$ cat target_4.csv   # CSV, C-alpha atoms
chain,number,residue,atom,x,y,z
A,1,MET,CA,24.9,-55.2,-16.5
A,2,LYS,CA,24.3,-53.0,-19.5
A,3,ILE,CA,23.7,-49.2,-19.4
A,4,THR,CA,23.2,-46.7,-22.1
A,5,LEU,CA,25.5,-43.7,-22.4
A,6,LYS,CA,24.2,-40.5,-24.1
A,7,PHE,CA,27.0,-37.9,-24.4
A,8,TYR,CA,26.2,-34.6,-26.1
A,9,THR,CA,28.2,-32.0,-28.1
A,10,THR,CA,31.9,-32.2,-27.3
A,11,LEU,CA,31.5,-35.2,-24.9
A,12,LYS,CA,30.7,-37.4,-27.8
A,13,ASP,CA,34.4,-37.9,-28.2
A,14,TYR,CA,34.3,-40.0,-24.9
A,15,LEU,CA,31.9,-42.6,-26.2
A,16,PRO,CA,33.3,-46.0,-27.3
A,17,GLU,CA,35.1,-45.9,-30.7
A,18,GLY,CA,32.8,-46.5,-33.6
A,19,THR,CA,29.7,-45.1,-31.9
A,20,LYS,CA,27.2,-43.7,-34.3
A,21,ASP,CA,25.4,-40.5,-33.2
A,22,ASN,CA,25.6,-39.8,-29.5
A,23,ALA,CA,24.4,-43.0,-27.7
A,24,ALA,CA,26.1,-46.3,-26.9
A,25,GLU,CA,25.2,-49.3,-24.8
A,26,ILE,CA,28.1,-50.5,-22.7
A,27,GLU,CA,28.8,-53.3,-20.3
A,28,VAL,CA,29.7,-52.3,-16.7
A,29,GLU,CA,30.1,-54.2,-13.5
A,30,ASP,CA,27.0,-54.6,-11.3
A,31,GLY,CA,26.5,-51.6,-9.0
A,32,ALA,CA,28.9,-49.4,-10.9
A,33,SER,CA,28.8,-45.7,-9.8
A,34,VAL,CA,28.4,-42.7,-12.0
A,35,GLN,CA,32.0,-41.8,-11.0
A,36,SER,CA,33.4,-45.2,-12.1
A,37,VAL,CA,31.7,-44.8,-15.5
A,38,VAL,CA,33.1,-41.3,-15.9
A,39,GLU,CA,36.6,-42.5,-15.1
A,40,ARG,CA,36.3,-45.6,-17.3
A,41,GLN,CA,35.3,-43.4,-20.3
A,42,GLY,CA,38.1,-40.9,-19.4
A,43,VAL,CA,35.8,-37.9,-19.2
A,44,PRO,CA,37.5,-34.9,-17.4
A,45,THR,CA,35.1,-33.9,-14.7
A,46,ASN,CA,35.5,-30.2,-15.4
A,47,MET,CA,34.0,-31.0,-18.9
A,48,ILE,CA,30.7,-32.2,-17.3
A,49,HIS,CA,28.0,-29.7,-16.9
A,50,MET,CA,24.7,-31.6,-16.6
A,51,THR,CA,24.3,-35.2,-15.6
A,52,LEU,CA,21.0,-37.1,-15.7
A,53,VAL,CA,20.3,-40.7,-14.8
A,54,ASN,CA,17.1,-41.8,-16.4
A,55,GLY,CA,16.1,-38.1,-16.7
A,56,ALA,CA,16.8,-37.1,-13.1
A,57,TYR,CA,19.6,-34.6,-12.3
A,58,VAL,CA,22.6,-35.9,-10.4
A,59,THR,CA,24.9,-33.3,-8.8
A,60,PRO,CA,28.7,-33.8,-9.2
A,61,GLY,CA,29.0,-34.4,-5.4
A,62,ASP,CA,26.8,-37.5,-5.8
A,63,PHE,CA,28.8,-39.1,-8.6
A,64,ALA,CA,30.6,-41.5,-6.3
A,65,SER,CA,27.5,-42.5,-4.2
A,66,HIS,CA,25.0,-42.8,-7.1
A,67,THR,CA,25.0,-46.4,-8.2
A,68,LEU,CA,23.6,-47.5,-11.6
A,69,LYS,CA,21.2,-50.3,-12.3
A,70,ASP,CA,20.9,-52.6,-15.3
A,71,GLY,CA,19.2,-50.7,-18.2
A,72,ASP,CA,19.9,-47.2,-16.8
A,73,THR,CA,20.6,-44.3,-19.2
A,74,LEU,CA,23.4,-42.0,-18.2
A,75,ALA,CA,23.3,-38.7,-20.1
A,76,MET,CA,25.9,-35.9,-19.8
A,77,TRP,CA,26.3,-32.5,-21.3
A,78,PRO,CA,29.4,-30.3,-21.4
A,79,PRO,CA,29.1,-26.6,-20.5
A,80,LEU,CA,28.2,-24.4,-23.5
A,81,ALA,CA,29.2,-20.8,-23.7
A,82,GLY,CA,28.6,-20.0,-27.4
A,83,GLY,CA,26.3,-17.1,-28.2
B,1,MET,CA,1.5,5.8,-19.7
B,2,ALA,CA,-1.4,6.0,-22.2
B,3,PHE,CA,-0.9,4.3,-25.6
B,4,ASN,CA,-1.7,6.2,-28.7
B,5,GLU,CA,-3.7,4.7,-31.6
B,6,GLU,CA,-0.6,3.5,-33.4
B,7,GLN,CA,0.7,1.7,-30.4
B,8,ILE,CA,-2.7,0.1,-29.6
B,9,ARG,CA,-2.7,-1.3,-33.2
B,10,ARG,CA,0.9,-2.3,-33.0
B,11,TYR,CA,0.5,-4.3,-29.8
B,12,ALA,CA,-3.1,-5.4,-30.5
B,13,ARG,CA,-2.2,-9.2,-30.7
B,14,HIS,CA,-0.6,-8.8,-27.3
B,15,ILE,CA,-3.3,-6.7,-25.7
B,16,ILE,CA,-5.9,-9.2,-26.7
B,17,LEU,CA,-4.1,-12.0,-24.7
B,18,PRO,CA,-5.6,-12.2,-21.2
B,19,GLU,CA,-2.1,-12.8,-19.8
B,20,VAL,CA,-0.8,-9.6,-21.3
B,21,GLY,CA,-3.6,-7.1,-21.8
B,22,ALA,CA,-3.2,-3.3,-21.7
B,23,LYS,CA,-1.7,-3.5,-18.2
B,24,GLY,CA,0.9,-6.0,-19.3
B,25,GLN,CA,1.8,-4.0,-22.4
B,26,GLU,CA,2.3,-1.0,-20.2
B,27,LYS,CA,4.6,-3.0,-17.9
B,28,LEU,CA,6.7,-3.9,-20.9
B,29,ALA,CA,6.8,-0.2,-22.0
B,30,ASN,CA,8.1,0.7,-18.6
B,31,ALA,CA,10.6,-2.2,-18.4
B,32,ARG,CA,14.4,-2.0,-18.9
B,33,VAL,CA,16.3,-5.0,-20.1
B,34,LEU,CA,20.0,-5.4,-20.8
B,35,VAL,CA,21.1,-7.9,-23.4
B,36,VAL,CA,24.7,-9.0,-23.1
B,37,GLY,CA,26.1,-9.8,-26.6
B,38,ALA,CA,24.6,-8.8,-29.9
B,39,GLY,CA,25.5,-12.0,-31.6
B,40,GLY,CA,23.7,-15.3,-32.5
B,41,LEU,CA,21.5,-15.3,-29.4
B,42,GLY,CA,21.3,-11.5,-28.9
B,43,SER,CA,20.0,-11.0,-32.5
B,44,PRO,CA,16.7,-12.8,-32.2
B,45,SER,CA,16.4,-11.9,-28.5
B,46,LEU,CA,16.8,-8.1,-29.3
B,47,LEU,CA,14.5,-8.3,-32.3
B,48,TYR,CA,11.6,-9.9,-30.4
B,49,LEU,CA,12.1,-7.8,-27.3
B,50,THR,CA,12.0,-4.7,-29.5
B,51,ALA,CA,8.9,-5.9,-31.5
B,52,ALA,CA,7.2,-6.7,-28.1
B,53,GLY,CA,7.6,-3.1,-27.0
B,54,VAL,CA,10.0,-3.5,-24.1
B,55,GLY,CA,10.5,0.3,-23.4
B,56,THR,CA,14.3,0.5,-22.8
B,57,ILE,CA,16.7,-2.1,-24.2
B,58,GLY,CA,20.4,-1.9,-23.4
B,59,VAL,CA,22.9,-3.9,-25.5
B,60,ILE,CA,26.5,-4.4,-24.6
B,61,ASP,CA,29.1,-5.8,-27.1
B,62,ASP,CA,32.6,-4.6,-27.9
B,63,ASP,CA,32.8,-6.4,-31.3
B,64,VAL,CA,32.2,-5.3,-34.9
B,65,VAL,CA,30.1,-7.1,-37.5
B,66,ASP,CA,32.1,-9.8,-39.4
B,67,LEU,CA,31.1,-11.7,-42.5
B,68,SER,CA,31.3,-15.0,-40.6
B,69,ASN,CA,28.6,-13.7,-38.2
B,70,LEU,CA,25.9,-13.3,-40.8
B,71,GLN,CA,25.0,-17.0,-41.0
B,72,ARG,CA,23.2,-16.7,-37.7
B,73,GLN,CA,23.3,-13.1,-36.3
B,74,VAL,CA,20.2,-12.0,-38.1
B,75,VAL,CA,20.0,-8.4,-36.6
B,76,HIS,CA,23.0,-7.5,-38.7
B,77,PRO,CA,22.7,-7.1,-42.6
B,78,THR,CA,25.6,-7.5,-45.0
B,79,SER,CA,25.9,-3.8,-45.5
B,80,ARG,CA,27.1,-3.3,-41.9
B,81,ILE,CA,30.2,-5.5,-42.0
B,82,GLY,CA,32.9,-3.6,-40.0
B,83,VAL,CA,30.3,-1.5,-38.0
B,84,PRO,CA,30.2,-2.0,-34.2
B,85,LYS,CA,27.5,-4.6,-33.4
B,86,VAL,CA,25.7,-2.3,-31.0
B,87,GLU,CA,25.4,0.4,-33.7
B,88,SER,CA,24.3,-2.1,-36.3
B,89,ALA,CA,21.7,-3.6,-33.9
B,90,ALA,CA,20.4,-0.2,-32.8
B,91,LEU,CA,19.8,0.8,-36.5
B,92,THR,CA,17.9,-2.4,-37.2
B,93,LEU,CA,15.9,-2.2,-34.0
B,94,ALA,CA,14.9,1.5,-34.7
B,95,GLU,CA,13.3,0.2,-37.9
B,96,VAL,CA,11.5,-2.6,-36.2
B,97,ASN,CA,10.0,-0.4,-33.5
B,98,PRO,CA,10.7,3.3,-33.1
B,99,ASN,CA,8.9,3.4,-29.8
B,100,VAL,CA,11.7,1.5,-28.1
B,101,ARG,CA,14.8,3.3,-26.6
B,102,VAL,CA,17.9,1.3,-27.4
B,103,ILE,CA,21.0,2.2,-25.3
B,104,ARG,CA,24.3,1.2,-26.9
B,105,HIS,CA,27.2,0.1,-24.7
B,106,HIS,CA,30.1,-0.4,-27.1
B,107,ALA,CA,32.3,-2.0,-24.4
B,108,ARG,CA,33.3,-5.3,-23.0
B,109,LEU,CA,31.5,-6.3,-19.8
B,110,ASP,CA,34.0,-6.5,-17.0
B,111,ALA,CA,34.3,-6.4,-13.2
B,112,GLU,CA,34.7,-2.6,-13.4
B,113,ASN,CA,31.5,-1.8,-15.2
B,114,ALA,CA,29.1,-4.8,-14.6
B,115,LEU,CA,27.5,-3.7,-11.3
B,116,MET,CA,27.1,0.0,-12.3
B,117,LEU,CA,25.5,-1.1,-15.6
B,118,PHE,CA,23.2,-3.8,-14.2
B,119,LYS,CA,21.7,-1.4,-11.6
B,120,ASP,CA,20.1,0.6,-14.4
B,121,TYR,CA,18.1,-2.4,-15.6
B,122,ASP,CA,15.3,-4.7,-14.4
B,123,LEU,CA,16.6,-7.9,-15.9
B,124,ILE,CA,19.7,-9.2,-17.7
B,125,ALA,CA,19.6,-11.5,-20.7
B,126,ASP,CA,23.0,-13.2,-21.3
B,127,GLY,CA,23.9,-14.2,-24.8
B,128,SER,CA,27.6,-13.8,-24.5
B,129,ASP,CA,30.1,-16.1,-26.2
B,130,ASN,CA,32.6,-17.0,-23.4
B,131,PHE,CA,32.8,-18.6,-20.0
B,132,PRO,CA,34.5,-15.7,-18.0
B,133,THR,CA,31.7,-13.3,-19.1
B,134,ARG,CA,29.0,-15.9,-18.2
B,135,PHE,CA,30.4,-16.3,-14.7
B,136,LEU,CA,30.8,-12.6,-14.3
B,137,VAL,CA,27.1,-12.0,-15.4
B,138,ASN,CA,25.9,-14.6,-13.0
B,139,ASP,CA,27.8,-13.2,-10.0
B,140,ALA,CA,26.9,-9.6,-10.9
B,141,CYS,CA,23.2,-10.5,-11.2
B,142,TYR,CA,23.4,-12.1,-7.8
B,143,PHE,CA,25.0,-9.1,-6.1
B,144,ALA,CA,22.8,-6.6,-7.9
B,145,GLN,CA,19.7,-8.7,-7.2
B,146,LYS,CA,18.7,-8.8,-10.9
B,147,PRO,CA,16.9,-11.7,-12.5
B,148,LEU,CA,19.0,-13.4,-15.2
B,149,VAL,CA,17.8,-15.3,-18.3
B,150,THR,CA,20.9,-17.0,-19.7
B,151,ALA,CA,21.2,-19.0,-22.9
B,152,ALA,CA,24.1,-20.8,-24.6
B,153,ILE,CA,24.6,-22.7,-27.9
B,154,LEU,CA,27.2,-24.8,-29.5
B,155,ARG,CA,27.0,-27.0,-32.7
B,156,PHE,CA,23.4,-28.3,-32.6
B,157,ASP,CA,22.8,-27.9,-28.9
B,158,GLY,CA,21.3,-25.2,-26.7
B,159,GLN,CA,20.9,-24.6,-23.0
B,160,LEU,CA,18.7,-22.0,-21.2
B,161,ALA,CA,17.9,-21.1,-17.6
B,162,THR,CA,16.5,-18.4,-15.5
B,163,PHE,CA,18.3,-17.5,-12.2
B,164,ARG,CA,17.0,-15.5,-9.2
B,165,ALA,CA,19.5,-16.8,-6.7
B,166,TYR,CA,19.3,-13.7,-4.5
B,167,GLU,CA,15.9,-14.8,-3.4
B,168,GLU,CA,15.5,-17.0,-0.3
B,169,GLY,CA,14.7,-20.7,-0.8
B,170,ASN,CA,15.5,-23.1,-3.6
B,171,HIS,CA,16.7,-20.6,-6.2
B,172,PRO,CA,20.0,-21.9,-7.8
B,173,CYS,CA,22.6,-19.9,-9.7
B,174,TYR,CA,24.8,-20.8,-12.6
B,175,ARG,CA,27.6,-21.8,-10.2
B,176,CYS,CA,25.3,-24.3,-8.4
B,177,ILE,CA,25.5,-26.4,-11.5
B,178,PHE,CA,28.9,-25.4,-12.8
B,179,ARG,CA,31.4,-24.1,-10.2
B,180,GLU,CA,34.3,-22.7,-12.2
B,181,PRO,CA,34.9,-21.8,-15.8
B,182,PRO,CA,36.5,-24.8,-17.6
B,183,PRO,CA,40.2,-24.4,-18.5
B,184,PRO,CA,40.7,-22.1,-21.5
B,185,GLY,CA,40.7,-24.2,-24.7
B,186,SER,CA,39.0,-27.2,-23.1
B,187,VAL,CA,35.6,-26.3,-24.6
B,188,PRO,CA,35.4,-25.0,-28.1
B,189,ASN,CA,33.7,-21.7,-28.9
B,190,CYS,CA,31.4,-21.3,-31.9
B,191,ALA,CA,34.3,-20.2,-34.1
B,192,GLU,CA,36.2,-23.4,-33.2
B,193,GLY,CA,33.3,-25.9,-32.8
B,194,GLY,CA,30.8,-24.5,-35.2
B,195,VAL,CA,27.2,-23.6,-34.6
B,196,PHE,CA,24.1,-24.5,-36.7
B,197,GLY,CA,22.7,-21.1,-37.5
B,198,ALA,CA,19.0,-21.7,-36.7
B,199,VAL,CA,19.8,-23.1,-33.3
B,200,ALA,CA,20.8,-19.6,-32.3
B,201,GLY,CA,17.3,-18.5,-33.5
B,202,VAL,CA,15.6,-21.3,-31.5
B,203,MET,CA,17.4,-20.4,-28.2
B,204,GLY,CA,17.5,-16.6,-28.6
B,205,THR,CA,13.7,-16.6,-29.3
B,206,ILE,CA,13.0,-18.8,-26.2
B,207,GLN,CA,15.2,-16.4,-24.3
B,208,ALA,CA,13.1,-13.4,-25.4
B,209,THR,CA,9.9,-15.4,-24.5
B,210,GLU,CA,11.3,-16.1,-21.0
B,211,VAL,CA,12.4,-12.5,-20.5
B,212,VAL,CA,8.9,-11.1,-21.4
B,213,LYS,CA,7.3,-13.8,-19.1
B,214,GLU,CA,9.6,-12.6,-16.2
B,215,LEU,CA,8.7,-9.0,-16.9
B,216,LEU,CA,5.0,-9.8,-16.9
B,217,GLY,CA,5.1,-12.3,-14.1
B,218,ILE,CA,3.1,-14.9,-16.1
B,219,GLY,CA,3.3,-18.6,-16.6
B,220,GLN,CA,6.0,-20.9,-15.1
B,221,SER,CA,9.4,-19.3,-14.7
B,222,LEU,CA,12.4,-21.3,-15.7
B,223,ASP,CA,14.0,-20.3,-12.4
B,224,GLY,CA,15.2,-23.6,-11.0
B,225,HIS,CA,15.2,-25.4,-14.3
B,226,MET,CA,17.5,-25.9,-17.2
B,227,LEU,CA,16.0,-26.2,-20.7
B,228,ILE,CA,18.1,-28.3,-23.0
B,229,TYR,CA,17.6,-28.4,-26.8
B,230,ASP,CA,19.0,-31.1,-29.0
B,231,GLY,CA,18.8,-29.8,-32.5
B,232,LEU,CA,19.9,-33.1,-34.2
B,233,GLU,CA,17.3,-35.1,-32.3
B,234,GLY,CA,14.7,-32.3,-32.5
B,235,SER,CA,13.9,-32.5,-28.8
B,236,PHE,CA,13.7,-30.5,-25.6
B,237,ARG,CA,14.3,-31.5,-22.0
B,238,LYS,CA,13.3,-29.5,-19.0
B,239,ILE,CA,15.4,-30.5,-16.0
B,240,ALA,CA,14.7,-29.4,-12.4
B,241,ILE,CA,17.9,-28.1,-10.8
B,242,THR,CA,18.5,-27.2,-7.2
B,243,ARG,CA,20.5,-24.8,-5.1
B,244,ASP,CA,23.8,-26.4,-4.2
B,245,ARG,CA,24.4,-25.8,-0.5
B,246,ALA,CA,28.1,-25.9,-1.2
B,247,CYS,CA,27.9,-23.2,-4.0
B,248,PRO,CA,30.7,-20.7,-3.6
B,249,LEU,CA,28.4,-17.9,-4.4
B,250,CYS,CA,24.9,-18.6,-3.1
B,251,GLY,CA,25.5,-21.6,-0.8
B,252,GLU,CA,25.6,-21.7,3.0
B,253,ASN,CA,29.3,-20.7,3.3
B,254,PRO,CA,30.0,-18.6,0.3
B,255,THR,CA,33.7,-17.8,-0.6
B,256,ILE,CA,32.8,-15.3,-3.3
B,257,HIS,CA,31.9,-12.0,-1.6
B,258,GLY,CA,32.2,-9.6,-4.5
B,259,ILE,CA,32.5,-9.1,-8.2
B,260,GLU,CA,36.3,-8.6,-8.1
B,261,ALA,CA,36.7,-12.1,-6.7
B,262,SER,CA,34.5,-13.6,-9.4
B,263,SER,CA,36.5,-11.8,-12.1
B,264,GLU,CA,39.8,-13.2,-10.7
B,265,ALA,CA,38.3,-16.7,-10.6
B,266,ALA,CA,37.1,-16.3,-14.1
B,267,CYS,CA,40.4,-15.2,-15.4
B,268,ALA,CA,42.2,-17.9,-13.4
B,269,GLY,CA,40.0,-20.4,-15.1
$ encode --input "target_4.csv" --output "structure tokens"
Amino acid sequence: MKITLKFYTTLKDYLPEGTKDNAAEIEVEDGASVQSVVERQGVPTNMIHMTLVNGAYVTPGDFASHTLKDGDTLAMWPPLAGG
Amino acid sequence: MAFNEEQIRRYARHIILPEVGAKGQEKLANARVLVVGAGGLGSPSLLYLTAAGVGTIGVIDDDVVDLSNLQRQVVHPTSRIGVPKVESAALTLAEVNPNVRVIRHHARLDAENALMLFKDYDLIADGSDNFPTRFLVNDACYFAQKPLVTAAILRFDGQLATFRAYEEGNHPCYRCIFREPPPPGSVPNCAEGGVFGAVAGVMGTIQATEVVKELLGIGQSLDGHMLIYDGLEGSFRKIAITRDRACPLCGENPTIHGIEASSEAACAG
């Protein structure tokens, strides 16, 4: 199945190579969890601040149990501290 | 307090708003707000809070104005390079609105001074530039029972939220969404990662809007929400966030019982 990744700010580095801007469509196995996508992209979990699946907030504790569906958009933000 | 004619004319566009009125303007005149950081976010935030007539505004920052600040820190003019930021900000703010009392704290916020300082204010606005300070401000606001309006920026992105985690019910804190500071060096600061100047203006101005709303008790609070700005896309998202029952600060079995612990955790991070 295909999902869309949207990674912001410093997390853009974890999108597939050659990605333009901050969004990429990737192929993952059916029923993949948020956790498996995080691991597949090599995103350190302490770099993830906010996670939304189709616009709904997912807590870090639910990464392993939250399974994705074909066409889902997984958006992630790093913590920001600049002022 | 009774407003004089100059003050009535100064605040006329506020007073005419049904949501503010003379009563609301009086509330602002009696309010005390502490702004943490007189930088990119603090600059617009301080300017609008001062123009709005917030009676007492504290500002804490241990830094001096640097040439590289001026691209976004609009409270500081070129002539004040080398001057402590709190001094520079106070001089500008006195010009904007002499009715406002600006209290300068030329110091770094730490576990020693945070609670003492916070107890003198009604609300804290965090525009600091590092994770340990942000965690410290969150924890100190929780223990001092002060509302917190926090904003952060990097590159073209901004985040903003209001926290009143000391209240009963679904009122999350900063740690509910982000437990511990990330390891030093893992997330760039503005000096390392860059920041688009006007993004500081966008987020600092929304921060001032939310602070004044909290003081007046009008509209929908951003308590329980995170507002995310994507400057490159030109879009905002408002996301509902919830209290994490496992939060080490405000959860069911907290492990952080005081500000010293939070400071250690911040430093260990």
$ interface_residues --input "target_4.csv" --of "chain B" --to "chain A" --cutoff "7 Å" --atoms "all atoms listed in the file" --output "list in words"
Gly39, Gly40, Leu41, Gly127, Ser128, Asp129, Asn130, Phe131, Ala152, Ile153, Leu154, Arg155, Asp157, Ile177, Phe178, Pro182, Asn189, Cys190, Ile239 and Ile241 of chain B
$ closest_residue --input "target_4.csv" --among "B:Leu215, B:Gly201, B:Thr133, B:Ile206" --to "Gly55 in chain B" --atoms "all atoms listed in the file"
B:Leu215
$ residues_near_point --input "target_4.csv" --point "(19.6, -45.5, -18.5)" --cutoff "9 Å" --atoms "only C-alpha atoms" --output "NGL selection string"
:A and (2-6 or 52-55 or 68-75)
$ closest_residue --input "target_4.csv" --among "B:Val149, B:Val64, B:Leu46, B:Leu115" --to "Leu93 in chain B" --atoms "only C-alpha atoms"
B:Leu46
$ closest_residue --input "target_4.csv" --among "B:Ala51, B:Asn30, B:Leu70, B:Glu192" --to "Asp122 in chain B" --atoms "all atoms listed in the file"
B:Asn30
$ atom_distance --input "target_4.csv" --atom1 "CA of Asp126 in chain B" --atom2 "CA of Val36 in chain B"
4.9 Å
$ atom_distance --input "target_4.csv" --atom1 "CA of Phe3 in chain B" --atom2 "CA of Gln207 in chain B"
26.3 Å
